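Just below is one structure, and these are the notes that go with it.
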Amino acid sequence: MLLDTASLYFRAYFGVPDSVRAPDGTPVNAVRGLLEFIDRLVKDHRPDALVACMDADWRPQWRVDLIPSYKAHRVAEERAGGPDEEEVPDTLSPQVPVIEAVLDALGIARVGVAGYEADDVIGTFTARATGPVDIVTGDRDLYQLVDDARGVRVLYPLKGVGTLQFTDESWLRGKYGVDGAGYADLALLRGDPSDGLPGVQGIGEKTAAKLLAEFGDLAGIMAAADDPAARLTPTQRRRLHDAGPYLAVAPTVVRVADDVPLPDVDTTLPRGPRDPDALAALAARWGLGGSLQRLLATLEV
């Protein structure tokens, strides 16, 4: 089981009242909410291995170099010497180091790699997996990894993590008309304002799905745009040609990397905390209470 950790702690932050606080009054709603999420996921799905995948770089320069608008509207501060600072709620930012410390003390593998997003870490773990993989994320971009033949599915939270959408290829075909491999092409054609991806003017989700059904993939669509006999309207043909420079680089930006240099980590689901003393200190300092105790009890089973 691979956790898109930032996606989950953002959901916890907005789903748990900020009245949930440490003894000194500091909000810990994201911390406790994430612990509750992990508890429920482990209890319901019993993974053999669990990885909290992190954004070491939420806006990698190699993606920005190709599409400068990539996530540009979410930049809070540009930094010349490292990753730009992402716009994050004031009371969430201080909770992220606490989340990291608690995961480390628990012994839950936590992996982020410089120059890559959590999606890329997830993509690489998925590519290397020798058995079924469940990806837990609120980010539809990861639908591209769904692969029934390999047992890869996305668990998309609809309400907390107690109600999950089990996304497999059948669900994707019913919803979008594509399989996992086709979802990246659909996403780059239609664009995604939340990621700063312009897409192709006039080609929305339904038109993108029709084009992919007709011509197979992006390469097939672009070949059709150059073929006078292909069944494309003159407007579609013109818009695809106009978007040529974007479409030449968009696949590299949109597709999840599968060759990230992952560190050597023990991903086995822990049965008890790796550092009980550190965990006890964190629990007392931040008032983690029942949220942590329930997760520890679940891990011990």
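Each chain in the structure tokens gets a letter, A, B, ..., in the order shown, and its residues are numbered from 1; ligands are numbered from 1 in order too.
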
Practice problem: Can you list, as a list in words, all residues belonging to segment 63-107 of chain A that DSSP tags as helix (DSSP H, G or I)? | Solution: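 Here is the list: Arg63, Val64, Asp65, Leu66, Ala72, His73, Arg74, Gln95, Val96, Pro97, Val98, Ile99, Glu100, Ala101, Val102, Leu103, Asp104, Ala105 and Leu106 of chain A.
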
File of the preceding selection, N, CA, C and O atoms, as a compact mmCIF listing (two decimals), in the first residue's frame:
# COMPACT_ATOMS: atom_id res chain seq x y z
N ARG A 63 10.16 19.54 -14.73
CA ARG A 63 8.82 19.69 -15.28
C ARG A 63 8.53 21.15 -15.63
O ARG A 63 7.93 21.45 -16.66
N VAL A 64 8.98 22.07 -14.77
CA VAL A 64 8.77 23.50 -15.01
C VAL A 64 9.51 23.95 -16.27
O VAL A 64 9.02 24.78 -17.03
N ASP A 65 10.71 23.39 -16.50
CA ASP A 65 11.47 23.75 -17.70
C ASP A 65 10.69 23.43 -18.97
O ASP A 65 10.82 24.12 -19.99
N LEU A 66 9.89 22.39 -18.93
CA LEU A 66 9.12 21.97 -20.10
C LEU A 66 7.82 22.74 -20.22
O LEU A 66 7.43 23.14 -21.32
N ALA A 72 2.28 26.77 -11.29
CA ALA A 72 2.81 28.11 -10.99
C ALA A 72 1.89 28.90 -10.07
O ALA A 72 2.36 29.69 -9.23
N HIS A 73 0.57 28.69 -10.18
CA HIS A 73 -0.37 29.46 -9.37
C HIS A 73 -0.35 29.04 -7.90
O HIS A 73 -0.94 29.72 -7.06
N ARG A 74 0.35 27.93 -7.60
CA ARG A 74 0.40 27.47 -6.20
C ARG A 74 1.71 27.83 -5.50
O ARG A 74 1.95 27.43 -4.36
N GLN A 95 2.56 21.41 11.05
CA GLN A 95 2.20 20.04 11.40
C GLN A 95 2.96 18.99 10.57
O GLN A 95 3.05 17.83 10.97
N VAL A 96 3.49 19.42 9.42
CA VAL A 96 4.16 18.45 8.54
C VAL A 96 5.39 17.83 9.20
O VAL A 96 5.55 16.59 9.17
N PRO A 97 6.28 18.60 9.83
CA PRO A 97 7.42 17.97 10.51
C PRO A 97 6.99 17.02 11.63
O PRO A 97 7.67 16.02 11.91
N VAL A 98 5.87 17.32 12.28
CA VAL A 98 5.37 16.44 13.34
C VAL A 98 4.92 15.12 12.72
O VAL A 98 5.22 14.03 13.24
N ILE A 99 4.20 15.22 11.60
CA ILE A 99 3.77 14.01 10.88
C ILE A 99 4.97 13.15 10.52
O ILE A 99 4.98 11.93 10.75
N GLU A 100 6.01 13.78 10.00
CA GLU A 100 7.21 13.03 9.60
C GLU A 100 7.88 12.36 10.79
O GLU A 100 8.28 11.20 10.72
N ALA A 101 7.96 13.08 11.91
CA ALA A 101 8.61 12.52 13.10
C ALA A 101 7.81 11.35 13.66
O ALA A 101 8.39 10.34 14.10
N VAL A 102 6.48 11.46 13.65
CA VAL A 102 5.64 10.39 14.17
C VAL A 102 5.74 9.15 13.29
O VAL A 102 5.86 8.02 13.79
N LEU A 103 5.71 9.33 11.97
CA LEU A 103 5.84 8.18 11.06
C LEU A 103 7.18 7.48 11.27
O LEU A 103 7.25 6.25 11.30
N ASP A 104 8.24 8.28 11.43
CA ASP A 104 9.57 7.69 11.64
C ASP A 104 9.64 6.92 12.95
O ASP A 104 10.21 5.82 13.01
N ALA A 105 9.07 7.47 14.01
CA ALA A 105 9.10 6.80 15.31
C ALA A 105 8.26 5.52 15.28
O ALA A 105 8.59 4.53 15.94
N LEU A 106 7.17 5.55 14.51
CA LEU A 106 6.34 4.35 14.37
C LEU A 106 7.06 3.26 13.60
O LEU A 106 6.80 2.07 13.79

Quiz item: How would you write, as a PyMOL selection string, the set of residues in segment 137-243 of chain A that DSSP gives as strand (DSSP E)?
Solution: chain A and resi 152-159+163-167

Generate the output file for the selected residues, all heavy atoms, as a short mmCIF file (atom, residue, chain, number, x, y, z; two decimals), in the first residue's frame.
data_model
loop_
_atom_site.label_atom_id
_atom_site.label_comp_id
_atom_site.auth_asym_id
_atom_site.auth_seq_id
_atom_site.Cartn_x
_atom_site.Cartn_y
_atom_site.Cartn_z
N VAL A 152 -2.86 -3.52 -9.84
CA VAL A 152 -2.63 -2.15 -9.35
C VAL A 152 -3.94 -1.38 -9.43
O VAL A 152 -4.53 -1.26 -10.52
CB VAL A 152 -1.55 -1.42 -10.17
CG1 VAL A 152 -1.35 -0.01 -9.64
CG2 VAL A 152 -0.24 -2.21 -10.16
N ARG A 153 -4.40 -0.86 -8.31
CA ARG A 153 -5.62 -0.07 -8.29
C ARG A 153 -5.41 1.17 -7.43
O ARG A 153 -4.48 1.24 -6.62
CB ARG A 153 -6.80 -0.90 -7.76
CG ARG A 153 -6.61 -1.40 -6.35
CD ARG A 153 -7.76 -2.27 -5.88
NE ARG A 153 -7.56 -2.71 -4.50
CZ ARG A 153 -8.46 -3.38 -3.79
NH1 ARG A 153 -9.62 -3.71 -4.33
NH2 ARG A 153 -8.21 -3.74 -2.54
N VAL A 154 -6.28 2.15 -7.62
CA VAL A 154 -6.24 3.37 -6.82
C VAL A 154 -7.44 3.38 -5.88
O VAL A 154 -8.58 3.15 -6.31
CB VAL A 154 -6.26 4.63 -7.72
CG1 VAL A 154 -6.54 5.88 -6.89
CG2 VAL A 154 -4.94 4.79 -8.46
N LEU A 155 -7.17 3.61 -4.61
CA LEU A 155 -8.23 3.77 -3.62
C LEU A 155 -8.39 5.28 -3.40
O LEU A 155 -7.53 5.93 -2.82
CB LEU A 155 -7.86 3.07 -2.31
CG LEU A 155 -7.39 1.62 -2.40
CD1 LEU A 155 -7.24 1.02 -1.00
CD2 LEU A 155 -8.34 0.78 -3.24
N TYR A 156 -9.48 5.80 -3.92
CA TYR A 156 -9.70 7.25 -3.92
C TYR A 156 -10.71 7.60 -2.81
O TYR A 156 -11.85 7.14 -2.85
CB TYR A 156 -10.24 7.68 -5.29
CG TYR A 156 -10.42 9.17 -5.47
CD1 TYR A 156 -9.39 9.95 -5.98
CD2 TYR A 156 -11.61 9.79 -5.14
CE1 TYR A 156 -9.55 11.32 -6.15
CE2 TYR A 156 -11.78 11.15 -5.30
CZ TYR A 156 -10.74 11.91 -5.82
OH TYR A 156 -10.91 13.26 -5.99
N PRO A 157 -10.29 8.38 -1.81
CA PRO A 157 -11.19 8.67 -0.69
C PRO A 157 -12.37 9.54 -1.11
O PRO A 157 -12.18 10.61 -1.71
CB PRO A 157 -10.30 9.43 0.30
CG PRO A 157 -8.89 9.16 -0.14
CD PRO A 157 -8.96 8.97 -1.62
N LEU A 158 -13.56 9.08 -0.82
CA LEU A 158 -14.77 9.86 -1.07
C LEU A 158 -15.22 10.58 0.20
O LEU A 158 -15.68 11.71 0.15
CB LEU A 158 -15.89 8.96 -1.59
CG LEU A 158 -15.60 8.24 -2.91
CD1 LEU A 158 -16.71 7.26 -3.24
CD2 LEU A 158 -15.44 9.25 -4.04
N LYS A 159 -15.04 9.89 1.32
CA LYS A 159 -15.38 10.48 2.62
C LYS A 159 -14.42 9.88 3.63
O LYS A 159 -14.53 8.71 3.99
CB LYS A 159 -16.84 10.17 2.99
CG LYS A 159 -17.30 10.87 4.27
CD LYS A 159 -18.77 10.58 4.54
CE LYS A 159 -19.22 11.30 5.81
NZ LYS A 159 -20.64 11.00 6.13
N THR A 163 -14.85 5.46 3.22
CA THR A 163 -15.58 5.27 1.98
C THR A 163 -14.62 5.55 0.83
O THR A 163 -14.25 6.70 0.59
CB THR A 163 -16.80 6.21 1.89
OG1 THR A 163 -17.62 6.04 3.05
CG2 THR A 163 -17.62 5.93 0.64
N LEU A 164 -14.19 4.49 0.15
CA LEU A 164 -13.19 4.61 -0.90
C LEU A 164 -13.78 4.19 -2.24
O LEU A 164 -14.59 3.26 -2.30
CB LEU A 164 -11.98 3.72 -0.59
CG LEU A 164 -11.16 4.06 0.65
CD1 LEU A 164 -10.22 2.90 0.99
CD2 LEU A 164 -10.37 5.33 0.45
N GLN A 165 -13.38 4.89 -3.28
CA GLN A 165 -13.70 4.46 -4.64
C GLN A 165 -12.58 3.54 -5.11
O GLN A 165 -11.43 3.94 -5.19
CB GLN A 165 -13.77 5.70 -5.53
CG GLN A 165 -13.89 5.42 -7.00
CD GLN A 165 -13.73 6.71 -7.75
OE1 GLN A 165 -14.60 7.57 -7.72
NE2 GLN A 165 -12.59 6.87 -8.41
N PHE A 166 -12.92 2.29 -5.38
CA PHE A 166 -11.93 1.31 -5.82
C PHE A 166 -11.80 1.44 -7.33
O PHE A 166 -12.66 0.97 -8.08
CB PHE A 166 -12.36 -0.09 -5.40
CG PHE A 166 -12.29 -0.32 -3.92
CD1 PHE A 166 -13.32 0.10 -3.08
CD2 PHE A 166 -11.17 -0.92 -3.36
CE1 PHE A 166 -13.24 -0.09 -1.71
CE2 PHE A 166 -11.10 -1.12 -1.99
CZ PHE A 166 -12.13 -0.70 -1.16
N THR A 167 -10.73 2.10 -7.74
CA THR A 167 -10.56 2.43 -9.15
C THR A 167 -9.74 1.37 -9.86
O THR A 167 -8.53 1.23 -9.62
CB THR A 167 -9.86 3.81 -9.29
OG1 THR A 167 -10.57 4.77 -8.50
CG2 THR A 167 -9.84 4.25 -10.73
#

Residues within 8 Å of Pro251 of chain A, please, as a PDB file with all heavy atoms, in the first residue's frame. Count only C-alpha atoms; anything in the same chain fewer than 5 positions from it doesn't count.
ATOM      1  N   ALA A 184      -3.289   9.160 -18.845  1.00  0.00           N
ATOM      2  CA  ALA A 184      -2.333  10.269 -18.948  1.00  0.00           C
ATOM      3  C   ALA A 184      -2.558  11.054 -20.238  1.00  0.00           C
ATOM      4  O   ALA A 184      -2.519  12.297 -20.234  1.00  0.00           O
ATOM      5  CB  ALA A 184      -0.897   9.748 -18.875  1.00  0.00           C
ATOM      6  N   ASP A 185      -2.808  10.349 -21.350  1.00  0.00           N
ATOM      7  CA  ASP A 185      -3.074  11.036 -22.617  1.00  0.00           C
ATOM      8  C   ASP A 185      -4.364  11.849 -22.525  1.00  0.00           C
ATOM      9  O   ASP A 185      -4.428  12.987 -23.008  1.00  0.00           O
ATOM     10  CB  ASP A 185      -3.179  10.029 -23.762  1.00  0.00           C
ATOM     11  CG  ASP A 185      -1.814   9.515 -24.215  1.00  0.00           C
ATOM     12  OD1 ASP A 185      -0.795  10.124 -23.838  1.00  0.00           O
ATOM     13  OD2 ASP A 185      -1.769   8.502 -24.943  1.00  0.00           O
ATOM     14  N   LEU A 188      -3.632  15.067 -20.420  1.00  0.00           N
ATOM     15  CA  LEU A 188      -2.838  16.130 -21.048  1.00  0.00           C
ATOM     16  C   LEU A 188      -3.607  16.787 -22.202  1.00  0.00           C
ATOM     17  O   LEU A 188      -3.407  17.968 -22.494  1.00  0.00           O
ATOM     18  CB  LEU A 188      -1.470  15.604 -21.484  1.00  0.00           C
ATOM     19  CG  LEU A 188      -1.361  14.540 -22.563  1.00  0.00           C
ATOM     20  CD1 LEU A 188      -1.323  15.155 -23.949  1.00  0.00           C
ATOM     21  CD2 LEU A 188      -0.094  13.705 -22.345  1.00  0.00           C
TER      22      LEU A 188
END

For the interface of segment 7-124 of chain A with segment 199-202 of chain A (cut-off 12 Å, counting only C-alpha atoms), please tabulate each contacting residue of segment 7-124 of chain A alongside its nearest pair of atoms and their separation in Å to one decimal, rows sorted by chain and increasing number, as CSV.
residue,atom,partner,partner_atom,distance
A:Ile67,CA,A:Gly199,CA,11.2
A:Ser69,CA,A:Gly199,CA,11.6
A:Tyr70,CA,A:Gly199,CA,11.6

Self-check item: Interatomic distance, atom CA of Asp259 of chain A to atom CA of Tyr246 of chain A (Å, one decimal)
Solution: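 Interatomic distance here is 23.4 Å.
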